[in-house]
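Report on one structure; see the data block that follows.
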Amino acid sequence: MMGATRSEESMCEITLGVEPRVITVRVPITIPSSACHDELAHRLVYHHNIPIYLHNELSEKLQAFIQDKTEEYYRQQDHRAVQNLRDGTLNIDDVATAWANKYSQVSKRQEDKGCENEMLASMYHSLVHSPAAVNLLSLEHSFAGAMSSLVAQREYALKEISERQTKEMSNTVSKVGVNLTDDDVNNLAACHLEDSQLMEVQWDSTISVLRENQKWEFKNFVLESFAGREVTTPVTPKFCSCVQ
């Protein structure tokens with residue numbers, strides 16, 4: 001017998017700035033939860049204007065909360081199940097049947113996914129040894145070139161912002177005691193960290209989108225080519241720099 005899920009409230013305390021300042025994030029999470037703690041952290045960061053450099057800390061605390069509460073939830077479920085068995089209110093045959101059905105469903109999904117991957121690999125192998133190999137290899141080459149170009153743009157952008165921030169910090173430090181203070185240095189360091197991490201997140205997201213698009217286009221190209229349809233080689237979309 002499965003108990004009802006319950007809603008919990010995750011309290012994440014994060015200190016910002018030079019002087020301790022606490023931001024309390026409250027988010028109800030249904031336990032057991034199928035939500036990805038990293039995606040949930042992303043949504044909270046953007047929806048509540050939380051500094052991007054606090055994303056990792058928020059994600060880790062959400063993960064710990066979900067894990068702890070899920071373990072507690074199932075411990076209680078186990079305790080109730082054992083108690084019901086002792087009381088005779090739970091039919092062991094019904095439990096066995098329910099678990100058998102669940103296992104069959106999971107096994108079927110895994111089997112279907114494995115068959116699909118195996119079929120795609122077989123199609124690819126056949127196309128490599130067919131006249132379609134030229135278009136297939138050309139597509140792979142264009143995809144690799146597009147990804148390499150985007151990664152190079154990312155590295156250049158990160159290097160550029162790092163060099164700019166280094167100059168700004170050196171200039172600020174040199175003026176401490178003249179018209180600036182240590183607080184100015186600390187505030188600038190916090191801004192630099194937020195800007196650089198925001199840029200990294202933007203670039204990682206752009207690269208991830210390109211990778212998923214390429215996977216979809218490649219799979220579609222293989223399937224349609226194998227089916228004997230006339231397929232034009234898809235053109236990988238060009239991505240502009242995330243940061244001006």
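As shown in the structure tokens, the chain order sets the letters A, B, ...; within each chain, residues go from 1, and ligands are also counted from 1 in the order they appear.
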(request) Do a neighbour search on A:Thr172 at 8 Å with only C-alpha atoms, toss out local chain neighbours closer than 4 positions, and write the hits as a list in words. (result)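 After dropping sequence-adjacent residues, the list is Glu168, Val176, Leu180, Asp184 and Val185 of chain A.
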Dump as a PDB file, in the first residue's frame, selection limited to N, CA, C and O atoms:
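Okay, this is what ended up in part_32.pdb:
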ATOM      1  N   GLU A 168      40.403  45.657 -14.765  1.00  0.00           N
ATOM      2  CA  GLU A 168      39.538  46.459 -13.896  1.00  0.00           C
ATOM      3  C   GLU A 168      39.921  46.278 -12.430  1.00  0.00           C
ATOM      4  O   GLU A 168      39.955  47.249 -11.659  1.00  0.00           O
ATOM      5  N   VAL A 176      42.970  51.900  -3.956  1.00  0.00           N
ATOM      6  CA  VAL A 176      42.549  51.712  -2.568  1.00  0.00           C
ATOM      7  C   VAL A 176      43.394  52.607  -1.664  1.00  0.00           C
ATOM      8  O   VAL A 176      44.625  52.627  -1.745  1.00  0.00           O
ATOM      9  N   LEU A 180      39.248  54.951  -3.180  1.00  0.00           N
ATOM     10  CA  LEU A 180      38.469  53.716  -3.085  1.00  0.00           C
ATOM     11  C   LEU A 180      38.838  52.969  -1.812  1.00  0.00           C
ATOM     12  O   LEU A 180      39.873  53.241  -1.194  1.00  0.00           O
ATOM     13  N   ASP A 184      35.015  48.504  -2.023  1.00  0.00           N
ATOM     14  CA  ASP A 184      34.898  48.657  -3.476  1.00  0.00           C
ATOM     15  C   ASP A 184      35.523  47.466  -4.197  1.00  0.00           C
ATOM     16  O   ASP A 184      34.989  46.974  -5.201  1.00  0.00           O
ATOM     17  N   VAL A 185      36.652  46.997  -3.675  1.00  0.00           N
ATOM     18  CA  VAL A 185      37.318  45.830  -4.269  1.00  0.00           C
ATOM     19  C   VAL A 185      36.442  44.591  -4.133  1.00  0.00           C
ATOM     20  O   VAL A 185      36.265  43.818  -5.088  1.00  0.00           O
TER      21      VAL A 185
END
(message) Would you pick out the contacts of A:Leu193 at 12 Å or less, using only C-alpha atoms, so that residues sharing its chain but fewer than 6 positions from it are not included, and give the list as JSON, numbers by chain?
(response) {"A": [17, 51, 52, 53, 54, 158, 161, 162, 165, 166, 169, 186, 187, 199, 200]}
(request) Would you work out the distance separating atom CA of A:Leu188 from atom CA of A:Lys159, expressed in Å to one decimal? (result) 18.1 Å
(request) Rank nothing, just name the residue among A:Ala189, A:Ala100, A:Phe221, A:His37 nearest to A:Ser170, using only C-alpha atoms. (result)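 For A:Ser170, the nearest of the given residues is A:Ala189.
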